[in-house]
>>> print(open('coords_3.pdb').read())   # PDB, C-alpha atoms
MODEL        1
ATOM      1  CA  MET A   8     178.345-104.005-115.663
ATOM      2  CA  ILE A   9     175.305-106.266-116.004
ATOM      3  CA  LEU A  10     177.005-109.065-114.069
ATOM      4  CA  THR A  11     177.875-106.659-111.255
ATOM      5  CA  ALA A  12     174.437-105.018-111.162
ATOM      6  CA  VAL A  13     172.474-108.264-111.224
ATOM      7  CA  PHE A  14     174.600-110.613-109.126
ATOM      8  CA  ILE A  15     177.328-108.916-107.101
ATOM      9  CA  ALA A  16     175.703-105.616-106.081
ATOM     10  CA  PRO A  17     172.508-107.161-104.658
ATOM     11  CA  ILE A  18     174.480-109.625-102.538
ATOM     12  CA  VAL A  19     176.958-107.066-101.223
ATOM     13  CA  GLU A  20     174.469-104.236-100.750
ATOM     14  CA  GLU A  21     171.807-106.313 -99.041
ATOM     15  CA  THR A  22     174.384-107.895 -96.751
ATOM     16  CA  VAL A  23     175.737-104.479 -95.742
ATOM     17  CA  TYR A  24     172.674-102.197 -95.844
ATOM     18  CA  ARG A  25     170.230-104.684 -94.384
ATOM     19  CA  GLY A  26     172.089-107.600 -92.788
ATOM     20  CA  VAL A  27     174.920-105.805 -90.994
ATOM     21  CA  LEU A  28     172.982-102.633 -90.249
ATOM     22  CA  ARG A  29     170.188-104.669 -88.669
ATOM     23  CA  LEU A  30     172.666-106.127 -86.175
ATOM     24  CA  PHE A  31     173.166-102.633 -84.757
ATOM     25  CA  ILE A  32     169.666-101.148 -85.107
ATOM     26  CA  LYS A  33     166.936-103.227 -83.494
ATOM     27  CA  ASN A  34     164.127-100.664 -83.714
ATOM     28  CA  ASP A  35     162.174-101.431 -86.923
ATOM     29  CA  LYS A  36     161.256 -97.864 -87.899
ATOM     30  CA  LEU A  37     164.696 -96.466 -87.156
ATOM     31  CA  PHE A  38     166.312 -99.314 -89.095
ATOM     32  CA  ILE A  39     164.115 -98.675 -92.145
ATOM     33  CA  ILE A  40     164.804 -94.931 -92.104
ATOM     34  CA  ILE A  41     168.565 -95.195 -91.611
ATOM     35  CA  SER A  42     168.904 -98.020 -94.119
ATOM     36  CA  ALA A  43     166.939 -96.002 -96.689
ATOM     37  CA  ILE A  44     169.025 -92.860 -96.164
ATOM     38  CA  ILE A  45     172.361 -94.677 -96.345
ATOM     39  CA  PHE A  46     171.262 -96.662 -99.416
ATOM     40  CA  GLY A  47     170.017 -93.511-101.144
ATOM     41  CA  LEU A  48     173.118 -91.458-100.386
ATOM     42  CA  SER A  49     175.501 -94.232-101.370
ATOM     43  CA  HIS A  50     173.885 -94.385-104.811
ATOM     44  CA  SER A  51     174.062 -90.641-105.421
ATOM     45  CA  ILE A  52     177.338 -89.622-103.775
ATOM     46  CA  ILE A  53     179.086 -89.231-107.142
ATOM     47  CA  GLU A  54     177.002 -86.137-107.874
ATOM     48  CA  THR A  55     178.954 -82.890-107.890
ATOM     49  CA  ASN A  56     176.786 -80.675-105.711
ATOM     50  CA  ILE A  57     174.677 -81.171-102.607
ATOM     51  CA  THR A  58     171.390 -80.360-104.359
ATOM     52  CA  ASN A  59     171.964 -83.125-106.890
ATOM     53  CA  VAL A  60     172.968 -85.541-104.131
ATOM     54  CA  ILE A  61     169.738 -84.849-102.244
ATOM     55  CA  PHE A  62     167.434 -85.090-105.263
ATOM     56  CA  MET A  63     169.177 -88.085-106.818
ATOM     57  CA  SER A  64     169.152 -89.974-103.518
ATOM     58  CA  ILE A  65     165.362 -89.755-103.048
ATOM     59  CA  PRO A  66     164.368 -92.529-105.521
ATOM     60  CA  TYR A  67     167.138 -94.766-104.216
ATOM     61  CA  ALA A  68     166.112 -94.061-100.626
ATOM     62  CA  ILE A  69     162.572 -95.150-101.468
ATOM     63  CA  VAL A  70     163.900 -98.415-102.901
ATOM     64  CA  GLY A  71     166.208 -98.829 -99.894
ATOM     65  CA  GLY A  72     163.349 -98.215 -97.478
ATOM     66  CA  THR A  73     161.187-100.728 -99.298
ATOM     67  CA  LEU A  74     163.937-103.328 -99.146
ATOM     68  CA  ALA A  75     164.539-102.570 -95.453
ATOM     69  CA  ARG A  76     160.829-102.977 -94.696
ATOM     70  CA  MET A  77     160.863-106.245 -96.607
ATOM     71  CA  TYR A  78     163.780-107.425 -94.470
ATOM     72  CA  VAL A  79     161.953-106.439 -91.271
ATOM     73  CA  LYS A  80     158.936-108.485 -92.388
ATOM     74  CA  THR A  81     160.792-111.564 -93.670
ATOM     75  CA  ASN A  82     164.129-111.519 -91.816
ATOM     76  CA  ASN A  83     165.483-113.252 -94.923
ATOM     77  CA  LEU A  84     168.298-111.699 -96.960
ATOM     78  CA  THR A  85     167.693-114.130 -99.830
ATOM     79  CA  VAL A  86     164.316-112.497-100.470
ATOM     80  CA  ASN A  87     165.973-109.072-100.476
ATOM     81  CA  ILE A  88     168.821-110.155-102.736
ATOM     82  CA  THR A  89     166.373-111.664-105.227
ATOM     83  CA  CYS A  90     164.130-108.570-105.281
ATOM     84  CA  HIS A  91     167.147-106.281-105.553
ATOM     85  CA  ALA A  92     168.487-108.314-108.480
ATOM     86  CA  PHE A  93     165.124-108.205-110.281
ATOM     87  CA  TYR A  94     164.901-104.456-109.664
ATOM     88  CA  ASN A  95     168.340-104.021-111.232
ATOM     89  CA  ILE A  96     167.374-106.236-114.193
ATOM     90  CA  ILE A  97     164.302-104.086-114.832
ATOM     91  CA  ALA A  98     166.385-100.899-114.540
ATOM     92  CA  ILE A  99     168.923-102.252-117.044
ATOM     93  CA  ILE A 100     166.216-103.299-119.517
ATOM     94  CA  LEU A 101     164.476 -99.934-119.242
ATOM     95  CA  GLY A 102     167.812 -98.178-119.642
ATOM     96  CA  LEU A 103     168.482-100.107-122.830
ATOM     97  CA  ILE A 104     164.994 -99.433-124.194
ATOM     98  CA  ILE A 105     164.954 -95.753-123.280
ATOM     99  CA  LYS A 106     168.714 -95.329-123.934
ATOM    100  CA  VAL A 107     169.305 -92.967-121.043
TER     101      VAL A 107
ENDMDL
END
>>> encode(input="coords_3.pdb", output="structure tokens")
Amino acid sequence: MILTAVFIAPIVEETVYRGVLRLFIKNDKLFIIISAIIFGLSHSIIETNITNVIFMSIPYAIVGGTLARMYVKTNNLTVNITCHAFYNIIAIILGLIIKV
């Protein structure tokens, strides 16, 4: 799981949610909003009811929006992949410490 979360997921997710999506959405604000929503929903879709999906997607949407804004500013997926990987590392460490 750690290998996937730290190496594979950031590469795949940033390529899809930022790189590919940006090819179709040129407007910066619209790109950030749509990227954030899709990122948030994709990370909470396993929830069993719509209320949980909505509330669980909010933190992920904030992260997704931040990463989308970063991509708008830098136009560099390597920056996004690196930040995404570090975010996942921190989440894993906190999860191990807190034992969620």
>>> atom_distance(input="coords_3.pdb", atom1="CA of Pro66 (chain A)", atom2="CA of Arg29 (chain A)")
21.6 Å
>>> atom_distance(input="coords_3.pdb", atom1="CA of Leu48 (chain A)", atom2="CA of Thr22 (chain A)")
16.9 Å
>>> atom_distance(input="coords_3.pdb", atom1="CA of Ile65 (chain A)", atom2="CA of Gly26 (chain A)")
21.7 Å
>>> closest_residue(input="coords_3.pdb", among="A:Ile39, A:Leu101, A:Val86, A:Leu30", to="Ile18 (chain A)", atoms="only C-alpha atoms")
A:Val86
>>> resolve_selection(input="coords_3.pdb", expression="the PyMOL selection byres ((chain A and resi 78) around 12)", output="ChimeraX atom specification")
/A:21-22,24-29,35-36,38-39,42,71-77,79-91
>>> axis_aligned_box(input="coords_3.pdb", around="region 46-60 of chain A", padding_each_side="3 Å", output="JSON")
{"center_x": 174.6, "center_y": -88.5, "center_z": -103.7, "size_x": 15.1, "size_y": 22.3, "size_z": 14.5}
>>> closest_residue(input="coords_3.pdb", among="A:His50, A:Ala92, A:Ala98, A:Ile40", to="Phe62 (chain A)", atoms="only C-alpha atoms")
A:His50
>>> closest_residue(input="coords_3.pdb", among="A:Ile52, A:Val70, A:Val23, A:Leu10", to="Ile99 (chain A)", atoms="all atoms listed in the file")
A:Leu10
>>> resolve_selection(input="coords_3.pdb", expression="the PyMOL selection byres ((chain A and resi 12-14) around 8)", output="PyMOL selection string")
chain A and resi 8-11+15-18+92-93+95-96
>>> decode(input="coords_3.pdb", residues="region 81-97 of chain A", atoms="all heavy atoms", output="tab-separated table (two decimals), in the first residue's frame")
chain	number	residue	atom	x	y	z
A	81	THR	N	2.34	26.56	-12.10
A	81	THR	CA	3.66	26.06	-12.52
A	81	THR	C	3.66	25.39	-13.90
A	81	THR	O	4.69	25.33	-14.54
A	81	THR	CB	4.19	25.02	-11.51
A	81	THR	OG1	3.35	23.86	-11.54
A	81	THR	CG2	4.27	25.60	-10.12
A	82	ASN	N	2.51	24.85	-14.30
A	82	ASN	CA	2.40	24.09	-15.54
A	82	ASN	C	3.45	22.96	-15.58
A	82	ASN	O	4.05	22.67	-16.60
A	82	ASN	CB	2.52	24.98	-16.77
A	82	ASN	CG	1.99	24.31	-18.01
A	82	ASN	OD1	1.04	23.53	-17.94
A	82	ASN	ND2	2.59	24.59	-19.15
A	83	ASN	N	3.67	22.35	-14.41
A	83	ASN	CA	4.71	21.34	-14.27
A	83	ASN	C	4.18	20.18	-13.43
A	83	ASN	O	4.03	20.30	-12.21
A	83	ASN	CB	5.94	21.96	-13.60
A	83	ASN	CG	7.11	21.03	-13.54
A	83	ASN	OD1	6.97	19.82	-13.62
A	83	ASN	ND2	8.29	21.61	-13.38
A	84	LEU	N	3.89	19.06	-14.06
A	84	LEU	CA	3.35	17.91	-13.35
A	84	LEU	C	4.33	17.31	-12.34
A	84	LEU	O	3.92	16.71	-11.36
A	84	LEU	CB	2.90	16.82	-14.32
A	84	LEU	CG	1.51	16.98	-14.91
A	84	LEU	CD1	1.20	15.83	-15.85
A	84	LEU	CD2	0.45	17.09	-13.85
A	85	THR	N	5.62	17.49	-12.56
A	85	THR	CA	6.61	16.97	-11.62
A	85	THR	C	6.46	17.61	-10.25
A	85	THR	O	6.57	16.94	-9.23
A	85	THR	CB	8.04	17.18	-12.16
A	85	THR	OG1	8.13	16.58	-13.45
A	85	THR	CG2	9.07	16.57	-11.25
A	86	VAL	N	6.18	18.90	-10.23
A	86	VAL	CA	5.94	19.60	-8.96
A	86	VAL	C	4.73	18.99	-8.27
A	86	VAL	O	4.75	18.70	-7.07
A	86	VAL	CB	5.75	21.12	-9.20
A	86	VAL	CG1	5.31	21.82	-7.94
A	86	VAL	CG2	7.01	21.74	-9.76
A	87	ASN	N	3.66	18.79	-9.04
A	87	ASN	CA	2.43	18.21	-8.47
A	87	ASN	C	2.65	16.80	-7.95
A	87	ASN	O	2.20	16.45	-6.87
A	87	ASN	CB	1.32	18.19	-9.52
A	87	ASN	CG	0.62	19.51	-9.61
A	87	ASN	OD1	1.25	20.51	-9.95
A	87	ASN	ND2	-0.64	19.54	-9.30
A	88	ILE	N	3.34	15.99	-8.74
A	88	ILE	CA	3.59	14.60	-8.34
A	88	ILE	C	4.40	14.56	-7.05
A	88	ILE	O	4.09	13.80	-6.13
A	88	ILE	CB	4.29	13.83	-9.48
A	88	ILE	CG1	3.33	13.65	-10.66
A	88	ILE	CG2	4.84	12.50	-8.99
A	88	ILE	CD1	3.99	13.20	-11.95
A	89	THR	N	5.40	15.41	-6.95
A	89	THR	CA	6.23	15.46	-5.75
A	89	THR	C	5.42	15.90	-4.53
A	89	THR	O	5.50	15.26	-3.47
A	89	THR	CB	7.42	16.41	-5.96
A	89	THR	OG1	8.15	15.98	-7.11
A	89	THR	CG2	8.33	16.46	-4.75
A	90	CYS	N	4.63	16.95	-4.67
A	90	CYS	CA	3.80	17.43	-3.55
A	90	CYS	C	2.76	16.38	-3.15
A	90	CYS	O	2.52	16.16	-1.96
A	90	CYS	CB	3.12	18.74	-3.91
A	90	CYS	SG	4.27	20.12	-3.95
A	91	HIS	N	2.17	15.75	-4.14
A	91	HIS	CA	1.17	14.71	-3.88
A	91	HIS	C	1.82	13.55	-3.14
A	91	HIS	O	1.25	13.02	-2.16
A	91	HIS	CB	0.59	14.24	-5.22
A	91	HIS	CG	-0.65	13.41	-5.10
A	91	HIS	ND1	-1.62	13.43	-6.06
A	91	HIS	CD2	-1.07	12.52	-4.18
A	91	HIS	CE1	-2.58	12.58	-5.72
A	91	HIS	NE2	-2.26	12.02	-4.58
A	92	ALA	N	3.00	13.15	-3.53
A	92	ALA	CA	3.71	12.06	-2.86
A	92	ALA	C	4.03	12.42	-1.42
A	92	ALA	O	3.82	11.61	-0.51
A	92	ALA	CB	4.98	11.71	-3.62
A	93	PHE	N	4.52	13.64	-1.19
A	93	PHE	CA	4.81	14.08	0.18
A	93	PHE	C	3.54	14.15	1.03
A	93	PHE	O	3.55	13.80	2.20
A	93	PHE	CB	5.55	15.42	0.19
A	93	PHE	CG	7.03	15.28	-0.01
A	93	PHE	CD1	7.63	15.80	-1.14
A	93	PHE	CD2	7.82	14.62	0.91
A	93	PHE	CE1	9.00	15.66	-1.35
A	93	PHE	CE2	9.19	14.47	0.72
A	93	PHE	CZ	9.78	15.00	-0.42
A	94	TYR	N	2.45	14.60	0.43
A	94	TYR	CA	1.17	14.64	1.14
A	94	TYR	C	0.78	13.22	1.58
A	94	TYR	O	0.37	13.00	2.72
A	94	TYR	CB	0.09	15.24	0.25
A	94	TYR	CG	-1.27	15.23	0.89
A	94	TYR	CD1	-1.66	16.24	1.76
A	94	TYR	CD2	-2.17	14.20	0.65
A	94	TYR	CE1	-2.91	16.22	2.37
A	94	TYR	CE2	-3.42	14.17	1.24
A	94	TYR	CZ	-3.77	15.18	2.10
A	94	TYR	OH	-5.00	15.16	2.70
A	95	ASN	N	0.92	12.26	0.67
A	95	ASN	CA	0.58	10.88	0.99
A	95	ASN	C	1.51	10.30	2.06
A	95	ASN	O	1.07	9.55	2.93
A	95	ASN	CB	0.60	10.01	-0.26
A	95	ASN	CG	-0.59	10.28	-1.17
A	95	ASN	OD1	-1.47	11.08	-0.85
A	95	ASN	ND2	-0.60	9.65	-2.32
A	96	ILE	N	2.80	10.67	2.01
A	96	ILE	CA	3.74	10.21	3.03
A	96	ILE	C	3.31	10.73	4.41
A	96	ILE	O	3.29	9.98	5.39
A	96	ILE	CB	5.19	10.67	2.71
A	96	ILE	CG1	5.74	9.89	1.52
A	96	ILE	CG2	6.10	10.50	3.93
A	96	ILE	CD1	7.03	10.47	0.96
A	97	ILE	N	2.97	12.00	4.47
A	97	ILE	CA	2.53	12.59	5.74
A	97	ILE	C	1.26	11.91	6.23
A	97	ILE	O	1.13	11.59	7.42
A	97	ILE	CB	2.33	14.11	5.59
A	97	ILE	CG1	3.69	14.78	5.37
A	97	ILE	CG2	1.61	14.70	6.80
A	97	ILE	CD1	3.61	16.22	4.92
